[in-house]
file query-v9.cif (mmCIF, C-alpha atoms)
data_data
loop_
_atom_site.label_atom_id
_atom_site.label_comp_id
_atom_site.auth_asym_id
_atom_site.auth_seq_id
_atom_site.Cartn_x
_atom_site.Cartn_y
_atom_site.Cartn_z
CA MET L 1 -1.75 -12.67 -14.75
CA GLU L 2 -3.49 -10.89 -17.60
CA ALA L 3 -3.69 -7.21 -18.51
CA PHE L 4 -7.20 -6.13 -19.50
CA GLU L 5 -6.62 -2.39 -19.73
CA HIS L 6 -3.95 0.30 -19.26
CA THR L 7 -4.42 3.95 -18.34
CA ASP L 8 -2.17 6.84 -17.40
CA ARG L 9 -5.08 8.97 -16.14
CA ILE L 10 -6.93 8.03 -12.96
CA VAL L 11 -9.47 10.56 -11.70
CA LEU L 12 -11.90 9.36 -9.03
CA ASP L 13 -14.82 11.30 -7.59
CA ASP L 14 -14.81 9.42 -4.27
CA GLN L 15 -15.02 11.59 -1.17
CA ARG L 16 -14.28 8.65 1.14
CA VAL L 17 -12.22 5.54 0.47
CA ALA L 18 -11.05 2.48 2.37
CA VAL L 19 -7.31 2.09 2.93
CA CYS L 20 -5.76 -1.32 3.66
CA GLY L 21 -2.35 -2.48 4.79
CA ASP L 22 -0.59 -5.64 3.62
CA TRP L 23 -2.84 -8.50 2.44
CA HIS L 24 -0.17 -11.15 1.72
CA GLY L 25 -2.55 -13.08 -0.51
CA ASN L 26 -4.78 -13.88 2.48
CA ILE L 27 -8.14 -14.82 0.94
CA GLY L 28 -9.67 -15.41 4.37
CA TRP L 29 -8.90 -11.85 5.36
CA LEU L 30 -10.34 -10.61 2.08
CA ARG L 31 -13.59 -12.45 2.83
CA THR L 32 -13.69 -10.71 6.21
CA LEU L 33 -13.24 -7.32 4.56
CA ALA L 34 -16.02 -8.14 2.10
CA LYS L 35 -18.35 -8.44 5.11
CA VAL L 36 -16.93 -5.55 7.12
CA LEU L 37 -16.71 -2.85 4.46
CA PRO L 38 -20.37 -2.79 3.34
CA ALA L 39 -21.49 -2.93 6.97
CA LEU L 40 -19.26 -0.13 8.28
CA ALA L 41 -19.06 2.05 5.16
CA PRO L 42 -21.74 1.27 2.56
CA ASP L 43 -20.86 4.52 0.76
CA VAL L 44 -17.28 3.38 0.09
CA THR L 45 -16.64 1.81 -3.32
CA THR L 46 -12.85 2.13 -3.61
CA ILE L 47 -9.97 0.48 -1.74
CA LEU L 48 -6.44 1.88 -1.72
CA GLN L 49 -4.22 -1.10 -0.91
CA LEU L 50 -0.71 -0.33 0.36
CA GLY L 51 1.29 -3.25 -0.98
CA ASP L 52 2.32 -6.83 -0.23
CA TRP L 53 -0.86 -7.49 -2.14
CA TRP L 54 -0.12 -10.78 -3.97
CA MET L 55 -3.79 -11.72 -4.44
CA ASP L 56 -5.42 -13.89 -7.06
CA PRO L 57 -7.27 -11.20 -9.09
CA ALA L 58 -10.05 -13.55 -10.19
CA VAL L 59 -10.72 -14.69 -6.63
CA THR L 60 -10.71 -11.06 -5.50
CA ASP L 61 -13.51 -10.34 -7.97
CA GLU L 62 -15.48 -13.30 -6.63
CA VAL L 63 -15.02 -12.22 -3.00
CA PHE L 64 -16.21 -8.65 -3.61
CA ALA L 65 -19.00 -9.55 -6.04
CA GLY L 66 -22.29 -8.19 -4.74
CA THR L 67 -20.60 -5.81 -2.28
CA SER L 68 -20.21 -2.05 -2.51
CA ILE L 69 -16.53 -2.39 -3.51
CA THR L 70 -16.03 -1.91 -7.24
CA GLN L 71 -12.37 -0.93 -7.55
CA ILE L 72 -9.05 -1.61 -5.83
CA TYR L 73 -5.89 0.40 -6.55
CA VAL L 74 -2.69 -1.31 -5.46
CA THR L 75 0.51 0.49 -4.51
CA LEU L 76 2.82 -2.48 -4.97
CA GLY L 77 5.02 -3.76 -2.17
CA ASN L 78 8.12 -5.93 -2.01
CA HIS L 79 6.46 -9.33 -1.60
CA GLU L 80 4.72 -9.45 -4.97
CA PRO L 81 4.94 -11.82 -7.99
CA TRP L 82 7.21 -9.38 -9.82
CA SER L 83 8.03 -11.89 -12.57
CA GLU L 84 4.40 -11.54 -13.65
CA ILE L 85 3.84 -7.88 -12.75
CA THR L 86 6.91 -6.27 -14.31
CA PRO L 87 6.12 -7.37 -17.89
CA LEU L 88 2.57 -6.04 -17.52
CA LEU L 89 3.80 -2.63 -16.35
CA GLU L 90 6.59 -2.47 -18.92
CA ARG L 91 4.11 -2.94 -21.76
CA GLN L 92 2.97 0.67 -21.27
CA PRO L 93 5.48 2.45 -19.00
CA GLY L 94 3.91 4.87 -16.56
CA ALA L 95 0.41 3.43 -16.94
CA ALA L 96 -1.69 1.57 -14.41
CA VAL L 97 -2.79 -1.90 -15.47
CA ARG L 98 -6.14 -3.51 -14.74
CA VAL L 99 -5.69 -7.20 -13.94
CA SER L 100 -9.32 -8.03 -13.11
CA ALA L 101 -12.74 -6.44 -13.02
CA THR L 102 -11.87 -4.69 -9.76
CA THR L 103 -8.07 -4.61 -9.41
CA TRP L 104 -5.63 -2.03 -10.78
CA LEU L 105 -1.86 -2.23 -10.23
CA LEU L 106 -0.21 1.19 -10.08
CA PRO L 107 3.12 1.99 -11.76
CA ARG L 108 6.10 3.51 -9.95
CA PRO L 109 5.46 6.34 -9.55
CA ALA L 110 1.78 6.97 -10.26
CA ARG L 111 -0.21 10.17 -10.12
CA LEU L 112 -3.94 10.09 -9.34
CA THR L 113 -6.70 12.51 -8.46
CA ILE L 114 -9.15 11.32 -5.80
CA GLY L 115 -11.94 13.51 -4.52
CA GLY L 116 -10.18 16.56 -5.92
CA ARG L 117 -6.95 15.69 -4.09
CA SER L 118 -3.62 15.20 -5.85
CA VAL L 119 -2.17 11.80 -4.97
CA ILE L 120 1.22 10.19 -5.61
CA SER L 121 1.85 6.46 -5.30
CA LEU L 122 5.39 5.09 -5.01
CA GLY L 123 5.43 1.32 -4.64
CA GLY L 124 8.23 -1.05 -3.74
CA ALA L 125 10.40 -1.66 -0.68
CA ALA L 126 13.46 -3.59 0.44
CA SER L 127 12.90 -7.13 1.76
CA VAL L 128 14.76 -7.45 5.04
CA ASP L 129 14.09 -11.20 4.79
CA ARG L 130 15.62 -11.40 1.29
CA LEU L 131 18.43 -13.76 2.34
CA TRP L 132 15.83 -16.20 3.70
CA ARG L 133 13.94 -16.37 0.41
CA ILE L 134 14.61 -17.93 -3.00
CA SER L 135 15.46 -15.51 -5.78
CA GLY L 136 12.93 -15.77 -8.59
CA ALA L 137 10.39 -17.56 -6.40
CA GLY L 138 9.81 -15.58 -3.20
CA TRP L 139 12.01 -12.58 -3.96
CA TRP L 140 12.81 -10.47 -7.02
CA PRO L 141 15.17 -7.50 -7.39
CA ASP L 142 12.32 -5.65 -9.15
CA GLU L 143 10.99 -4.79 -5.68
CA ALA L 144 13.54 -2.01 -5.21
CA ILE L 145 12.67 1.68 -5.41
CA THR L 146 15.21 3.04 -7.89
CA ASP L 147 16.80 6.44 -8.40
CA ASP L 148 14.75 6.74 -11.60
CA HIS L 149 11.53 6.16 -9.64
CA VAL L 150 12.58 8.87 -7.20
CA ALA L 151 13.48 11.35 -9.94
CA MET L 152 10.18 10.85 -11.78
CA ALA L 153 8.23 11.20 -8.54
CA VAL L 154 10.01 14.41 -7.57
CA ASN L 155 9.67 15.90 -11.06
CA GLY L 156 5.90 15.43 -10.86
CA GLY L 157 5.66 18.19 -8.26
CA PRO L 158 3.69 18.52 -5.00
CA ALA L 159 0.87 16.24 -3.86
CA ASP L 160 -1.69 16.31 -1.07
CA LEU L 161 -1.48 12.60 -0.32
CA MET L 162 1.30 10.02 -0.71
CA LEU L 163 0.81 6.24 -0.87
CA THR L 164 3.81 3.99 -0.29
CA HIS L 165 4.61 0.51 0.90
CA GLU L 166 7.96 1.47 2.41
CA SER L 167 8.19 3.75 5.44
CA PRO L 168 10.05 7.03 5.00
CA ALA L 169 13.32 7.64 6.81
CA ARG L 170 12.99 9.86 9.89
CA THR L 171 9.46 8.62 10.45
CA PRO L 172 7.47 10.35 13.19
CA VAL L 173 5.61 7.08 13.91
CA ARG L 174 6.86 5.84 17.28
CA ALA L 175 5.80 2.22 16.71
CA VAL L 176 7.81 2.07 13.48
CA ARG L 177 10.86 3.65 15.11
CA GLU L 178 10.70 1.01 17.84
CA VAL L 179 10.66 -1.84 15.31
CA LEU L 180 13.63 -0.32 13.52
CA ARG L 181 15.50 0.17 16.80
CA THR L 182 14.97 -3.30 18.24
CA ASN L 183 14.98 -5.49 15.06
CA PRO L 184 12.78 -8.08 16.81
CA MET L 185 13.03 -10.62 13.97
CA GLY L 186 16.83 -10.54 13.94
CA PHE L 187 17.24 -9.52 10.30
CA PRO L 188 20.87 -9.46 9.07
CA ASP L 189 22.95 -6.28 8.80
CA GLU L 190 23.19 -6.55 5.00
CA THR L 191 19.46 -6.34 4.42
CA LEU L 192 18.96 -3.79 7.20
CA ALA L 193 21.35 -1.53 5.29
CA GLU L 194 19.29 -2.07 2.11
CA SER L 195 16.15 -1.20 4.03
CA LYS L 196 17.73 2.00 5.33
CA GLU L 197 18.64 3.03 1.78
CA SER L 198 15.11 2.25 0.57
CA ARG L 199 13.56 4.38 3.32
CA ALA L 200 15.91 7.22 2.40
CA ARG L 201 14.61 7.13 -1.18
CA VAL L 202 11.02 7.37 0.04
CA ALA L 203 11.99 10.25 2.31
CA LYS L 204 13.59 12.11 -0.60
CA VAL L 205 10.27 12.05 -2.45
CA TRP L 206 8.32 12.78 0.74
CA ASP L 207 10.43 15.89 1.38
CA ALA L 208 10.08 17.06 -2.21
CA VAL L 209 6.33 16.59 -2.79
CA ARG L 210 5.46 17.49 0.83
CA PRO L 211 2.11 15.70 1.16
CA GLU L 212 -0.11 16.54 4.11
CA LEU L 213 -0.47 12.79 4.73
CA LEU L 214 1.67 9.78 3.84
CA MET L 215 0.22 6.28 4.34
CA HIS L 216 2.29 3.09 4.19
CA GLY L 217 2.28 -0.62 5.03
CA HIS L 218 5.31 -2.94 5.23
CA MET L 219 6.24 -2.50 8.89
CA HIS L 220 3.30 -4.58 10.22
CA VAL L 221 2.57 -2.08 12.98
CA ALA L 222 -0.25 0.44 13.18
CA GLY L 223 0.39 3.96 14.35
CA GLY L 224 0.58 7.59 13.41
CA GLY L 225 2.69 10.65 13.96
CA ALA L 226 3.45 14.12 12.68
CA THR L 227 6.64 15.99 11.87
CA LYS L 228 7.46 19.40 13.31
CA ASP L 229 6.24 21.00 10.10
CA GLY L 230 2.87 19.25 10.42
CA ARG L 231 3.19 16.48 7.84
CA ARG L 232 1.43 13.33 9.04
CA VAL L 233 2.43 9.69 8.55
CA ALA L 234 0.14 6.70 9.10
CA SER L 235 1.56 3.18 9.32
CA PHE L 236 -0.91 0.35 8.69
CA GLY L 237 -0.97 -3.10 10.24
CA ARG L 238 -0.97 -6.25 8.13
CA ASP L 239 -3.86 -8.64 7.38
CA THR L 240 -5.82 -9.74 10.49
CA MET L 241 -4.21 -7.01 12.63
CA GLN L 242 -5.86 -4.06 14.32
CA GLY L 243 -5.10 -0.95 12.31
CA SER L 244 -4.94 -2.72 8.94
CA LEU L 245 -8.10 -0.97 7.74
CA ALA L 246 -9.09 2.68 7.86
CA PHE L 247 -11.47 5.04 6.09
CA LEU L 248 -10.01 8.20 4.60
CA ASP L 249 -12.07 11.38 4.22
CA LEU L 250 -10.65 13.17 1.17
CA SER L 251 -12.04 16.55 2.20
CA THR L 252 -10.06 16.60 5.46
CA LEU L 253 -7.44 13.85 4.86
CA ARG L 254 -8.42 12.43 8.24
CA LEU L 255 -8.48 8.71 8.96
CA GLU L 256 -11.11 6.76 10.85
CA VAL L 257 -9.83 3.42 12.15
CA PRO L 258 -12.50 0.85 13.10
CA THR L 259 -12.10 -0.78 16.50
CA VAL L 260 -11.75 -4.52 16.98
CA GLN L 261 -15.28 -4.57 18.40
CA GLN L 262 -16.68 -2.76 15.32
CA MET L 263 -14.86 -5.12 12.97
CA ARG L 264 -16.08 -8.21 14.82
CA ALA L 265 -19.67 -6.98 14.98
CA ALA L 266 -19.64 -6.27 11.24
CA ALA L 267 -18.00 -9.59 10.34
CA PHE L 268 -20.11 -11.73 12.68
CA PRO L 269 -23.50 -10.02 13.09
CA GLY L 270 -25.77 -11.53 15.70
CA GLU L 271 -23.00 -12.98 17.85
#
call {"tool": "encode", "arguments": {"input": "query-v9.cif", "output": "structure tokens"}}
result
Amino acid sequence: MEAFEHTDRIVLDDQRVAVCGDWHGNIGWLRTLAKVLPALAPDVTTILQLGDWWMDPAVTDEVFAGTSITQIYVTLGNHEPWSEITPLLERQPGAAVRVSATTWLLPRPARLTIGGRSVISLGGAASVDRLWRISGAGWWPDEAITDDHVAMAVNGGPADLMLTHESPARTPVRAVREVLRTNPMGFPDETLAESKESRARVAKVWDAVRPELLMHGHMHVAGGGATKDGRRVASFGRDTMQGSLAFLDLSTLRLEVPTVQQMRAAAFPGE
């Protein structure tokens, strides 16, 4: 992976953006999005991707060539090629790195301004399947959200919008709470404890910066909820799932989630 540009200042004028959950390197899903996005939202030029990205940047450029999408900002997840990404980010600490014509990888943490809104991105998460993967091939310790990441994020002050891969602890999203309660995949206690600690770190930042809306991937379930003090959390589905794509209005911080029928009609017109 190659770095073409670094920047520590991202200011976007977009009033509406697309938000996507985990992609997992799924080129087929990316090709579907390249059909769906211009059909459903021709005004949208920017994607905010919520981690477990792991795409080929050059292929991404090819897929979105000729569409309305011109830039993708990635809040990194846990399942990423960290052995390639970490050196790129360490070259200029705190700066985002452009790895293709369209794709930017955000540091941890990152501060952006989009449509006049202050935005914080805090990538990373704990892999509950870590013990089932090979260290240095399918898993890297770089995935973890560290105390330093948390401190830098908190010191940056309040934000309107928070982008994470990991869910916060004490989530108001019922679907996420149910996954955590039932552990349907049977993940081991050791990694569940690591996940709990990771979510607590996200929650520490969430409580400090107090965004009106937090959006995350990772849990592979779509849903939303609000805390008693009115802060909203949106969990995104993974590639191919309902709820893995939404459009965010920056003026209201409200999300519009396309239905399965709308997605299908946009992807396969004339059927």
call {"tool": "closest_residue", "arguments": {"input": "query-v9.cif", "among": "L:Gly217, L:Gly94, L:Gly224, L:Pro211", "to": "Gly237 of chain L", "atoms": "only C-alpha atoms"}}
result
L:Gly217
call {"tool": "closest_residue", "arguments": {"input": "query-v9.cif", "among": "L:Leu131, L:Leu163, L:Met219, L:Leu88", "to": "Gln49 of chain L", "atoms": "all atoms listed in the file"}}
result
L:Leu163
call {"tool": "closest_atom_pairs", "arguments": {"input": "query-v9.cif", "of": "segment 228-260 of chain L", "to": "segment 168-178 of chain L", "cutoff": "9 Å", "atoms": "only C-alpha atoms", "output": "JSON lines"}}
result
{"residue": "L:Arg232", "atom": "CA", "partner": "L:Pro172", "partner_atom": "CA", "distance": 7.9}
{"residue": "L:Val233", "atom": "CA", "partner": "L:Val173", "partner_atom": "CA", "distance": 6.8}
{"residue": "L:Ala234", "atom": "CA", "partner": "L:Val173", "partner_atom": "CA", "distance": 7.3}
{"residue": "L:Ser235", "atom": "CA", "partner": "L:Val173", "partner_atom": "CA", "distance": 7.3}
call {"tool": "write_last_selection", "arguments": {"input": "query-v9.cif", "atoms": "C-alpha atoms", "output": "PDB file, in the coordinates of the input"}}
result
ATOM      1  CA  ARG L 232       1.430  13.330   9.040  1.00  0.00           C
ATOM      2  CA  VAL L 233       2.430   9.690   8.550  1.00  0.00           C
ATOM      3  CA  ALA L 234       0.140   6.700   9.100  1.00  0.00           C
ATOM      4  CA  SER L 235       1.560   3.180   9.320  1.00  0.00           C
TER       5      SER L 235
END
call {"tool": "closest_atom_pairs", "arguments": {"input": "query-v9.cif", "of": "segment 143-183 of chain L", "to": "segment 249-263 of chain L", "cutoff": "12 Å", "atoms": "all atoms listed in the file", "output": "CSV"}}
result
residue,atom,partner,partner_atom,distance
L:Asp160,CA,L:Leu253,CA,8.6
L:Leu161,CA,L:Leu253,CA,8.0
L:Met162,CA,L:Leu253,CA,11.0
call {"tool": "resolve_selection", "arguments": {"input": "query-v9.cif", "expression": "the PyMOL selection byres ((chain L and resi 130) around 10)", "output": "ChimeraX atom specification"}}
result
/L:78-79,126-129,131-135,138-141,187-188,190-191
call {"tool": "resolve_selection", "arguments": {"input": "query-v9.cif", "expression": "the PyMOL selection byres ((chain L and resi 148-159) around 6)", "output": "list in words"}}
result
Pro109, Ser118, Val119, Thr146, Asp147, Asp160, Leu161, Val205, Ala208, Val209 and Pro211 of chain L
call {"tool": "closest_residue", "arguments": {"input": "query-v9.cif", "among": "L:Val179, L:Gln15, L:Arg238, L:Arg9", "to": "Pro107 of chain L", "atoms": "all atoms listed in the file"}}
result
L:Arg9
call {"tool": "resolve_selection", "arguments": {"input": "query-v9.cif", "expression": "the PyMOL selection byres ((chain L and resi 34-42) around 8)", "output": "list in words"}}
result
Leu30, Arg31, Thr32, Leu33, Asp43, Val44, Thr45, Val63, Phe64, Thr67, Ser68, Ile69, Gln262, Met263, Ala266 and Ala267 of chain L
call {"tool": "closest_residue", "arguments": {"input": "query-v9.cif", "among": "L:His24, L:Arg181, L:Arg16, L:Arg199", "to": "Gly116 of chain L", "atoms": "only C-alpha atoms"}}
result
L:Arg16
call {"tool": "closest_residue", "arguments": {"input": "query-v9.cif", "among": "L:Thr102, L:Thr164, L:Ser198, L:Thr7", "to": "Asp22 of chain L", "atoms": "all atoms listed in the file"}}
result
L:Thr164
